[in-house]
$ cat input.txt   # compact mmCIF, C-alpha atoms (C1' of nucleotides)
# COMPACT_ATOMS: atom_id res chain seq x y z
CA MET A 1 -9.17 29.20 12.07
CA ASN A 2 -10.30 32.65 11.24
CA ASP A 3 -12.60 33.25 14.13
CA GLN A 4 -10.01 31.83 16.43
CA THR A 5 -7.47 34.29 15.22
CA ARG A 6 -9.95 37.02 15.65
CA LEU A 7 -10.64 35.79 19.09
CA MET A 8 -7.02 35.78 20.07
CA HIS A 9 -6.63 39.17 18.64
CA SER A 10 -9.41 40.73 20.57
CA HIS A 11 -8.22 39.14 23.76
CA GLY A 12 -4.71 40.14 23.00
CA VAL A 13 -5.64 43.76 22.74
CA GLY A 14 -7.72 43.63 25.83
CA MET A 15 -5.01 42.13 27.98
CA ALA A 16 -1.72 43.05 26.50
CA GLY A 17 -1.97 46.72 26.85
CA HIS A 18 -4.14 47.27 29.81
CA PRO A 19 -2.61 50.21 31.54
CA GLY A 20 -5.37 50.75 33.98
CA LEU A 21 -5.42 47.25 35.28
CA ALA A 22 -1.70 47.04 35.59
CA GLN A 23 -1.46 50.23 37.49
CA HIS A 24 -4.40 49.37 39.56
CA MET A 25 -2.93 46.09 40.66
CA GLN A 26 0.46 47.45 41.33
CA ASP A 27 -1.04 49.98 43.65
CA GLY A 28 -2.24 47.22 45.85
CA THR A 29 -5.36 49.23 46.51
CA ALA A 30 -7.69 47.08 44.49
CA GLY A 31 -11.12 46.42 45.94
CA THR A 32 -10.94 48.41 49.14
CA ASP A 33 -14.34 49.95 48.58
CA GLY A 34 -17.13 49.27 46.13
CA GLU A 35 -17.33 52.76 44.77
CA GLY A 36 -13.65 52.91 44.03
CA ARG A 37 -13.74 49.56 42.32
CA LYS A 38 -16.56 50.59 40.07
CA GLN A 39 -14.66 53.68 39.26
CA ASP A 40 -11.58 51.64 38.50
CA ILE A 41 -13.48 49.32 36.25
CA GLY A 42 -14.86 52.27 34.44
CA ASP A 43 -11.33 53.51 33.96
CA ILE A 44 -10.18 50.16 32.79
CA LEU A 45 -12.90 49.87 30.24
CA GLN A 46 -12.23 53.36 29.09
CA GLN A 47 -8.59 52.56 28.61
CA ILE A 48 -9.36 49.36 26.84
CA MET A 49 -11.40 51.35 24.37
CA THR A 50 -8.51 53.68 23.75
CA ILE A 51 -5.80 51.07 23.75
CA THR A 52 -5.20 51.41 20.05
CA ASP A 53 -4.17 54.99 20.58
CA GLN A 54 -1.15 53.90 22.50
CA SER A 55 2.25 53.59 21.00
CA LEU A 56 3.77 50.17 20.60
CA ASP A 57 6.54 50.78 23.07
CA GLU A 58 4.13 51.94 25.67
CA ALA A 59 2.00 48.88 25.22
CA GLN A 60 5.05 46.66 25.37
CA ALA A 61 6.13 48.12 28.64
CA ARG A 62 2.71 47.64 30.15
CA LYS A 63 2.58 44.15 28.84
CA HIS A 64 5.79 43.33 30.63
CA ALA A 65 4.58 44.91 33.81
CA LEU A 66 1.39 42.95 33.66
CA ASN A 67 3.20 39.74 32.93
CA CYS A 68 5.34 40.04 36.02
CA HIS A 69 2.50 40.76 38.29
CA ARG A 70 1.88 38.30 41.09
CA MET A 71 -1.79 38.01 40.26
CA LYS A 72 -1.07 37.07 36.73
CA PRO A 73 -1.22 33.25 37.01
CA ALA A 74 -4.50 33.32 38.80
CA LEU A 75 -5.97 35.82 36.44
CA PHE A 76 -4.67 33.86 33.54
CA ASN A 77 -6.30 30.67 34.74
CA VAL A 78 -9.60 32.35 35.34
CA LEU A 79 -9.59 33.92 31.95
CA CYS A 80 -8.65 30.64 30.38
CA GLU A 81 -11.47 28.95 32.12
CA ILE A 82 -13.96 31.57 31.07
CA LYS A 83 -12.76 31.44 27.54
CA GLU A 84 -12.95 27.67 27.53
CA LYS A 85 -16.49 27.75 28.80
CA THR A 86 -17.77 30.40 26.47
CA VAL A 87 -16.13 30.48 23.09
CA LEU A 88 -14.15 27.33 22.80
CA SER A 89 -16.92 25.02 23.90
CA ILE A 90 -18.83 26.00 20.80
CA ARG A 91 -16.25 24.31 18.71
CA GLY A 92 -16.09 21.21 20.86
CA GLY A 93 -17.04 17.83 19.51
CA GLN A 94 -15.94 18.27 15.96
CA GLU A 95 -12.59 16.67 16.58
CA GLU A 96 -11.73 13.08 15.94
CA GLU A 97 -13.50 13.00 12.63
CA PRO A 98 -13.28 9.59 11.04
CA PRO A 99 -10.70 9.10 8.31
CA ASP A 100 -12.03 10.50 5.09
CA PRO A 101 -13.08 7.62 2.83
CA GLN A 102 -12.07 9.55 -0.23
CA LEU A 103 -8.65 10.19 1.22
CA MET A 104 -8.32 6.50 1.93
CA ARG A 105 -9.33 5.73 -1.61
CA LEU A 106 -6.68 8.10 -2.93
CA ASP A 107 -4.07 6.64 -0.62
CA ASN A 108 -4.90 3.14 -1.71
CA MET A 109 -4.71 4.02 -5.33
CA LEU A 110 -1.40 5.80 -4.96
CA LEU A 111 -0.10 2.80 -3.11
CA ALA A 112 -1.39 0.42 -5.73
CA GLU A 113 0.14 2.42 -8.53
CA GLY A 114 3.47 2.43 -6.76
CA VAL A 115 3.49 6.18 -6.33
CA ALA A 116 3.20 6.27 -2.59
CA GLY A 117 4.86 2.97 -1.78
CA PRO A 118 8.49 2.20 -0.97
CA GLU A 119 11.30 3.67 -3.00
CA LYS A 120 12.29 3.23 -6.61
CA GLY A 121 12.65 -0.52 -7.04
CA GLY A 122 9.41 -1.43 -5.37
CA GLY A 123 7.65 1.35 -7.17
CA SER A 124 8.54 0.40 -10.68
CA ALA A 125 8.06 -3.24 -9.87
CA ALA A 126 4.57 -2.46 -8.70
CA ALA A 127 3.98 -0.47 -11.85
CA ALA A 128 5.22 -3.33 -13.98
CA ALA A 129 3.09 -5.74 -12.04
CA ALA A 130 0.07 -3.52 -12.48
CA ALA A 131 0.73 -3.25 -16.17
CA ALA A 132 1.21 -6.98 -16.51
CA ALA A 133 -1.91 -7.69 -14.49
CA ALA A 134 -3.90 -5.44 -16.77
CA GLY A 135 -3.33 -7.78 -19.65
CA GLY A 136 0.20 -8.92 -20.32
CA VAL A 137 1.93 -6.15 -22.12
CA GLY A 138 4.53 -7.07 -24.65
CA ALA A 139 8.07 -6.37 -23.68
CA ASP A 140 8.21 -5.96 -27.41
CA ASN A 141 6.82 -2.51 -26.74
CA SER A 142 9.58 -1.99 -24.27
CA THR A 143 9.90 1.59 -25.38
CA GLU A 144 6.32 2.29 -24.39
CA HIS A 145 6.84 0.34 -21.23
CA SER A 146 9.88 2.24 -20.14
CA ASP A 147 8.16 5.40 -21.21
CA TYR A 148 5.33 4.58 -18.89
CA ARG A 149 7.71 3.78 -16.10
CA ALA A 150 9.67 6.94 -16.63
CA LYS A 151 6.56 9.07 -16.56
CA LEU A 152 5.28 7.27 -13.51
CA SER A 153 8.51 7.77 -11.63
CA GLN A 154 8.42 11.40 -12.67
CA ILE A 155 4.98 11.73 -11.15
CA ARG A 156 6.21 9.86 -8.15
CA GLN A 157 9.13 12.18 -7.70
CA ILE A 158 7.01 15.28 -8.00
CA TYR A 159 4.55 13.83 -5.56
CA HIS A 160 7.21 13.10 -3.00
CA THR A 161 8.97 16.42 -3.23
CA GLU A 162 5.66 18.22 -2.98
CA LEU A 163 4.63 16.09 -0.07
CA GLU A 164 7.89 16.78 1.64
CA LYS A 165 7.49 20.46 0.99
CA TYR A 166 4.03 20.45 2.49
CA GLU A 167 5.25 18.47 5.43
CA GLN A 168 8.03 20.90 6.06
CA ALA A 169 5.79 23.90 5.61
CA CYS A 170 3.29 22.37 7.97
CA ASN A 171 5.90 21.74 10.61
CA GLU A 172 7.36 25.16 10.22
CA PHE A 173 4.01 26.79 10.42
CA THR A 174 2.99 24.69 13.37
CA THR A 175 6.07 25.49 15.38
CA HIS A 176 5.76 29.09 14.42
CA VAL A 177 2.19 29.28 15.58
CA MET A 178 3.00 27.35 18.70
CA ASN A 179 5.81 29.68 19.57
CA LEU A 180 3.59 32.59 18.90
CA LEU A 181 0.84 31.24 21.07
CA ARG A 182 3.24 30.33 23.85
CA GLU A 183 4.69 33.75 23.67
CA GLN A 184 1.27 35.32 23.73
CA SER A 185 0.05 33.04 26.44
CA ARG A 186 2.13 35.07 28.78
CA THR A 187 -0.21 37.94 28.31
CA ARG A 188 -3.52 36.52 27.27
CA PRO A 189 -5.52 33.48 28.13
CA ILE A 190 -4.32 30.65 25.95
CA SER A 191 -4.43 27.25 27.56
CA PRO A 192 -2.23 24.39 26.39
CA LYS A 193 -5.38 22.67 25.30
CA GLU A 194 -6.13 25.54 23.04
CA ILE A 195 -2.69 25.39 21.52
CA GLU A 196 -3.22 21.72 20.93
CA ARG A 197 -6.48 22.45 19.25
CA MET A 198 -4.86 25.05 17.10
CA VAL A 199 -2.21 22.59 16.03
CA SER A 200 -4.84 20.09 15.06
CA ILE A 201 -6.63 22.75 13.05
CA ILE A 202 -3.42 23.54 11.23
CA HIS A 203 -2.81 19.89 10.56
CA ARG A 204 -6.30 19.46 9.22
CA LYS A 205 -5.77 22.37 6.94
CA PHE A 206 -2.52 21.00 5.64
CA ASN A 207 -4.08 17.60 5.26
CA SER A 208 -6.70 19.05 3.00
CA ILE A 209 -3.93 20.59 0.95
CA GLN A 210 -2.21 17.24 0.86
CA MET A 211 -5.42 15.71 -0.31
CA GLN A 212 -5.49 18.08 -3.21
CA LEU A 213 -1.99 16.99 -4.06
CA LYS A 214 -3.00 13.36 -3.84
CA GLN A 215 -6.04 14.04 -5.93
CA SER A 216 -4.09 15.67 -8.72
CA THR A 217 -1.43 12.97 -8.54
CA CYS A 218 -4.11 10.35 -8.92
CA GLU A 219 -5.51 12.18 -11.88
CA ALA A 220 -2.11 12.36 -13.49
CA VAL A 221 -1.62 8.65 -12.98
CA MET A 222 -5.05 7.93 -14.39
CA ILE A 223 -4.35 9.98 -17.47
CA LEU A 224 -0.98 8.33 -17.94
CA ARG A 225 -2.51 4.96 -17.40
CA SER A 226 -5.34 5.47 -19.82
CA ARG A 227 -2.93 6.69 -22.43
CA PHE A 228 -0.73 3.70 -21.82
CA LEU A 229 -3.72 1.41 -21.89
CA ASP A 230 -4.84 2.87 -25.17
CA ALA A 231 -1.41 2.38 -26.59
CA ARG A 232 -1.52 -1.19 -25.45
CA ARG A 233 -4.94 -1.77 -26.85
CA LYS A 234 -3.56 -1.01 -30.24
CA ARG A 235 -2.29 -4.35 -31.30
CA ARG A 236 1.24 -4.43 -32.53
CA ASN A 237 2.52 -7.26 -34.61
CA PHE A 238 5.56 -8.99 -33.28
CA ASN A 239 8.70 -8.19 -35.12
CA LYS A 240 9.86 -10.46 -37.85
CA GLN A 241 12.56 -12.09 -35.84
CA ALA A 242 10.19 -13.00 -33.04
CA THR A 243 7.69 -14.47 -35.49
CA GLU A 244 10.46 -16.48 -37.07
CA ILE A 245 11.60 -17.87 -33.78
CA LEU A 246 8.07 -18.83 -32.83
CA ASN A 247 7.35 -20.37 -36.21
CA GLU A 248 10.57 -22.25 -36.10
CA TYR A 249 9.63 -23.79 -32.81
CA PHE A 250 6.11 -24.47 -33.95
CA TYR A 251 7.02 -26.26 -37.13
CA SER A 252 9.82 -28.18 -35.60
CA HIS A 253 7.45 -29.43 -32.93
CA LEU A 254 4.50 -29.80 -35.20
CA SER A 255 3.47 -33.14 -33.77
CA ASN A 256 3.34 -31.66 -30.31
CA PRO A 257 3.30 -27.90 -30.56
CA TYR A 258 2.86 -27.33 -26.84
CA PRO A 259 5.92 -25.70 -25.41
CA SER A 260 6.60 -26.43 -21.79
CA GLU A 261 6.84 -23.67 -19.25
CA GLU A 262 10.58 -23.62 -19.64
CA ALA A 263 10.36 -23.59 -23.40
CA LYS A 264 7.84 -20.76 -23.26
CA GLU A 265 10.11 -18.85 -20.98
CA GLU A 266 13.01 -19.32 -23.31
CA LEU A 267 10.96 -18.34 -26.35
CA ALA A 268 9.62 -15.32 -24.54
CA LYS A 269 13.13 -14.26 -23.71
CA LYS A 270 14.37 -14.81 -27.21
CA CYS A 271 11.46 -12.93 -28.75
CA SER A 272 11.36 -10.20 -26.15
CA ILE A 273 7.72 -10.86 -25.44
CA THR A 274 5.90 -12.11 -22.38
CA MET A 275 5.12 -15.72 -21.67
CA SER A 276 1.41 -15.07 -21.99
CA GLN A 277 2.08 -13.68 -25.44
CA VAL A 278 3.92 -16.83 -26.29
CA SER A 279 0.95 -18.82 -25.06
CA ASN A 280 -1.41 -16.65 -27.04
CA TRP A 281 0.68 -17.06 -30.11
CA PHE A 282 0.79 -20.83 -29.85
CA GLY A 283 -2.91 -20.99 -29.11
CA ASN A 284 -3.70 -18.94 -32.15
CA LYS A 285 -1.20 -20.76 -34.29
CA ARG A 286 -2.45 -24.20 -33.39
CA ILE A 287 -6.06 -23.45 -34.07
CA ARG A 288 -5.33 -21.58 -37.25
CA TYR A 289 -2.98 -24.18 -38.52
CA LYS A 290 -5.44 -26.91 -37.81
CA LYS A 291 -8.27 -25.02 -39.44
CA ASN A 292 -6.46 -24.59 -42.67
CA ILE A 293 -3.40 -26.71 -43.04
CA GLY A 294 -3.26 -26.04 -46.74
CA LYS A 295 -2.79 -22.38 -46.22
CA PHE A 296 0.20 -22.99 -43.98
CA GLN A 297 1.74 -25.62 -46.22
CA GLU A 298 4.21 -23.27 -47.78
CA GLU A 299 5.20 -21.74 -44.50
CA ALA A 300 5.61 -25.15 -42.96
CA ASN A 301 7.82 -26.31 -45.76
CA MET A 302 9.91 -23.22 -45.53
CA TYR A 303 10.55 -23.57 -41.81
CA ALA A 304 11.08 -27.27 -42.11
CA ALA A 305 13.70 -26.65 -44.71
CA ARG A 306 15.29 -23.94 -42.68
CA THR A 307 15.41 -26.10 -39.59
CA ALA A 308 16.94 -28.83 -41.61
CA VAL A 309 19.56 -26.48 -42.95
CA SER A 310 20.33 -25.09 -39.55
CA ALA A 311 20.47 -28.60 -38.19
CA THR A 312 23.06 -29.55 -40.76
CA SER A 313 25.03 -26.45 -40.03
CA VAL A 314 24.92 -26.92 -36.31
CA SER A 315 28.12 -28.81 -36.39
CA ALA A 316 29.75 -25.89 -38.10
CA GLN A 317 27.95 -23.09 -36.32
CA GLY A 318 27.68 -24.67 -32.93
CA SER A 319 25.35 -22.02 -31.59
CA GLN A 320 21.92 -22.89 -32.84
CA ALA A 321 19.96 -22.78 -29.61
CA ASN A 322 16.61 -22.81 -31.30
CA SER A 323 13.89 -25.41 -30.92
CA PRO A 324 14.85 -26.95 -27.64
CA SER A 325 14.06 -30.58 -26.89
CA THR A 326 11.04 -32.74 -27.69
CA PRO A 327 11.16 -33.17 -31.42
CA ASN A 328 8.42 -34.78 -33.40
CA SER A 329 6.58 -37.88 -32.53
CA ALA A 330 3.32 -39.34 -33.78
CA GLY A 331 -0.10 -38.09 -32.83
CA GLY A 332 0.16 -34.35 -33.33
CA TYR A 333 -1.01 -32.19 -36.14
CA PRO A 334 -0.94 -33.52 -39.66
CA SER A 335 2.37 -32.64 -41.19
CA PRO A 336 3.04 -31.03 -44.49
CA CYS A 337 5.44 -32.47 -47.01
CA TYR A 338 8.50 -32.13 -44.88
CA GLN A 339 8.90 -33.66 -41.53
CA PRO A 340 10.39 -30.80 -39.60
CA ASP A 341 13.25 -32.74 -38.11
CA ARG A 342 13.90 -34.65 -41.25
CA ARG A 343 16.79 -33.44 -43.25
CA ILE A 344 16.56 -32.52 -46.85
CA GLN A 345 17.91 -35.27 -48.96
C1' DC B 1 -12.57 1.82 -48.38
C1' DC B 2 -12.33 -3.52 -48.10
C1' DC B 3 -9.96 -7.66 -46.92
C1' DT B 4 -6.85 -10.58 -44.66
C1' DA B 5 -3.48 -11.38 -40.97
C1' DT B 6 -2.78 -11.45 -36.36
C1' DG B 7 -2.52 -10.52 -31.33
C1' DA B 8 -5.71 -10.50 -27.52
C1' DT B 9 -9.82 -11.78 -25.03
C1' DT B 10 -13.54 -14.61 -23.55
C1' DC B 11 -15.78 -18.79 -22.40
C1' DG B 12 -16.71 -23.55 -21.78
C1' DA B 13 -14.63 -28.08 -21.16
C1' DA B 14 -11.35 -31.23 -19.35
C1' DT C 1 -4.90 -24.16 -15.23
C1' DT C 2 -4.63 -24.91 -19.87
C1' DC C 3 -6.58 -25.74 -24.21
C1' DG C 4 -9.68 -25.12 -28.16
C1' DA C 5 -12.81 -22.31 -30.26
C1' DA C 6 -15.09 -18.23 -31.32
C1' DT C 7 -14.70 -13.58 -31.47
C1' DC C 8 -12.93 -8.88 -31.16
C1' DA C 9 -10.12 -5.18 -32.74
C1' DT C 10 -6.47 -3.45 -35.04
C1' DA C 11 -2.54 -3.64 -38.44
C1' DG C 12 -1.33 -3.52 -42.83
C1' DG C 13 -1.67 -4.24 -47.72
C1' DG C 14 -4.29 -3.58 -51.92

$ encode --input "input.txt" --output "structure tokens"
Amino acid sequence: MNDQTRLMHSHGVGMAGHPGLAQHMQDGTAGTDGEGRKQDIGDILQQIMTITDQSLDEAQARKHALNCHRMKPALFNVLCEIKEKTVLSIRGGQEEEPPDPQLMRLDNMLLAEGVAGPEKGGGSAAAAAAAAAAGGVGADNSTEHSDYRAKLSQIRQIYHTELEKYEQACNEFTTHVMNLLREQSRTRPISPKEIERMVSIIHRKFNSIQMQLKQSTCEAVMILRSRFLDARRKRRNFNKQATEILNEYFYSHLSNPYPSEEAKEELAKKCSITMSQVSNWFGNKRIRYKKNIGKFQEEANMYAARTAVSATSVSAQGSQANSPSTPNSAGGYPSPCYQPDRRIQ
DNA sequence: CCCTATGATTCGAA
DNA sequence: TTCGAATCATAGGG
């Protein structure tokens, strides 16, 4: 952009305040004899060299005079053409660059993380989905989860306001430059094509700024994510209540400790953990129980007794929703002393 | 420190 | 896909 500005500037000076030329043309005596013309050109050049000595008002007046001259459009076109052929052609061919792969990568990531996607709901849903996909986070750590979401939406908000700001600045700047160029095109050779080119240069510039924003947003998300991931990697035991609920189900279905999808869902809800965590828990429990029944004897007895007690008190309590359906039948794991659904005598 | 408990992950089989 | 089994990695208790 710099050289272009310089270019415009130099042309601007040359044309805008060209007293000699203006006067010369207004005389209507231009080009009557070769000698005189040469002399005129010499004058013109001389005055161009000394243009900076002129006051602003003087230059303005001459500019106006020049602008109204009947030869102006023709002169303008010629100058435009010359300019196009000489300077601008150097820059030709570098347009239409292919979409930056890195930019696409950034865009994709922002979209995937729910930063760049549709508003609020979709965003956090995407975040939750991403988190879940990365390995089934426990809703048990709902504080961490919401923390993550809050931070993400914070990033998202900053990103969007910044983006909007850039957009606005870009538009403002573009219209400003366009107005300026249009204004100046009355006095110096600026073709519409050139304006267009200028606009595209501005947009490219702002795009690179936007890319920086995207880059830093991505970094922020990565940092947040890694921190969240680390937090998740640190195993947290389920809380006591959840363990009790799971154990209760396990021991009361000891002969067939395979909760159905619905049962898993219900357990997950009750324990505030995910279904995959429920599955993990039952997988672990089954294998560990089987491996060492003796070790779990006491626990089994305890839960069996508790279930029995709760079963007897159901009539009174009326709200014992635990251990849904499918009680014991033969063929499961070897049972400890108590049959889970057998009442204490 | 060590040791055990425990949630998560991986992998092969059904 | 789900399960069992082995294994990993951390929590948590001495």

$ closest_atom_pairs --input "input.txt" --of "chain A" --to "chain C" --cutoff "10 Å" --atoms "all atoms listed in the file" --output "CSV"
residue,atom,partner,partner_atom,distance
A:Arg233,CA,C:DT10,C1',8.5
A:Lys234,CA,C:DT10,C1',6.1
A:Arg235,CA,C:DT10,C1',5.7
A:Arg236,CA,C:DA11,C1',7.1
A:Asn237,CA,C:DA11,C1',7.3
A:Tyr258,CA,C:DC3,C1',9.9
A:Ser279,CA,C:DT2,C1',9.8
A:Gly283,CA,C:DC3,C1',7.7
A:Asn284,CA,C:DG4,C1',9.5
A:Arg286,CA,C:DG4,C1',9.0
A:Ile287,CA,C:DG4,C1',7.1

$ closest_atom_pairs --input "input.txt" --of "chain B" --to "chain A" --cutoff "12 Å" --atoms "all atoms listed in the file" --output "tab-separated table"
residue	atom	partner	partner_atom	distance
B:DA5	C1'	A:Asn237	CA	9.7
B:DT6	C1'	A:Asn237	CA	7.0
B:DG7	C1'	A:Arg235	CA	6.2
B:DA8	C1'	A:Asn280	CA	7.5
B:DT9	C1'	A:Gly135	CA	9.3

$ write_last_selection --input "input.txt" --atoms "C-alpha atoms (C1' of nucleotides)" --output "short mmCIF file (atom, residue, chain, number, x, y, z; two decimals), keeping the file's coordinate frame"
data_model
loop_
_atom_site.label_atom_id
_atom_site.label_comp_id
_atom_site.auth_asym_id
_atom_site.auth_seq_id
_atom_site.Cartn_x
_atom_site.Cartn_y
_atom_site.Cartn_z
"C1'" DA B 5 -3.48 -11.38 -40.97
"C1'" DT B 6 -2.78 -11.45 -36.36
"C1'" DG B 7 -2.52 -10.52 -31.33
"C1'" DA B 8 -5.71 -10.50 -27.52
"C1'" DT B 9 -9.82 -11.78 -25.03
#

$ atom_distance --input "input.txt" --atom1 "atom CA of Glu172 of chain A" --atom2 "atom CA of Pro192 of chain A"
18.8 Å

$ atom_distance --input "input.txt" --atom1 "atom CA of Leu181 of chain A" --atom2 "atom CA of Phe206 of chain A"
18.8 Å

$ atom_distance --input "input.txt" --atom1 "atom CA of Asn108 of chain A" --atom2 "atom CA of Glu164 of chain A"
19.0 Å

$ residues_around --input "input.txt" --residues "Tyr166 of chain A" --least-positions-apart "5" --cutoff "10 Å" --atoms "all atoms listed in the file" --output "PyMOL selection string"
chain A and resi 160-161+171-172+206-207+209-210+213

$ residues_around --input "input.txt" --residues "Thr243 of chain A" --least-positions-apart "3" --cutoff "12 Å" --atoms "all atoms listed in the file" --output "PyMOL selection string"
(chain A and resi 140+237-240+246-251+267-268+270-273+277-278+281-282+285+299+303) or (chain B and resi 6-7)

$ write_last_selection --input "input.txt" --atoms "C-alpha atoms (C1' of nucleotides)" --output "mmCIF file, in the frame of the given file"
data_model
loop_
_atom_site.group_PDB
_atom_site.id
_atom_site.type_symbol
_atom_site.label_atom_id
_atom_site.label_comp_id
_atom_site.auth_asym_id
_atom_site.auth_seq_id
_atom_site.Cartn_x
_atom_site.Cartn_y
_atom_site.Cartn_z
ATOM 1 C CA ASP A 140 8.210 -5.960 -27.410
ATOM 2 C CA ASN A 237 2.520 -7.260 -34.610
ATOM 3 C CA PHE A 238 5.560 -8.990 -33.280
ATOM 4 C CA ASN A 239 8.700 -8.190 -35.120
ATOM 5 C CA LYS A 240 9.860 -10.460 -37.850
ATOM 6 C CA LEU A 246 8.070 -18.830 -32.830
ATOM 7 C CA ASN A 247 7.350 -20.370 -36.210
ATOM 8 C CA GLU A 248 10.570 -22.250 -36.100
ATOM 9 C CA TYR A 249 9.630 -23.790 -32.810
ATOM 10 C CA PHE A 250 6.110 -24.470 -33.950
ATOM 11 C CA TYR A 251 7.020 -26.260 -37.130
ATOM 12 C CA LEU A 267 10.960 -18.340 -26.350
ATOM 13 C CA ALA A 268 9.620 -15.320 -24.540
ATOM 14 C CA LYS A 270 14.370 -14.810 -27.210
ATOM 15 C CA CYS A 271 11.460 -12.930 -28.750
ATOM 16 C CA SER A 272 11.360 -10.200 -26.150
ATOM 17 C CA ILE A 273 7.720 -10.860 -25.440
ATOM 18 C CA GLN A 277 2.080 -13.680 -25.440
ATOM 19 C CA VAL A 278 3.920 -16.830 -26.290
ATOM 20 C CA TRP A 281 0.680 -17.060 -30.110
ATOM 21 C CA PHE A 282 0.790 -20.830 -29.850
ATOM 22 C CA LYS A 285 -1.200 -20.760 -34.290
ATOM 23 C CA GLU A 299 5.200 -21.740 -44.500
ATOM 24 C CA TYR A 303 10.550 -23.570 -41.810
ATOM 25 C "C1'" DT B 6 -2.780 -11.450 -36.360
ATOM 26 C "C1'" DG B 7 -2.520 -10.520 -31.330
#
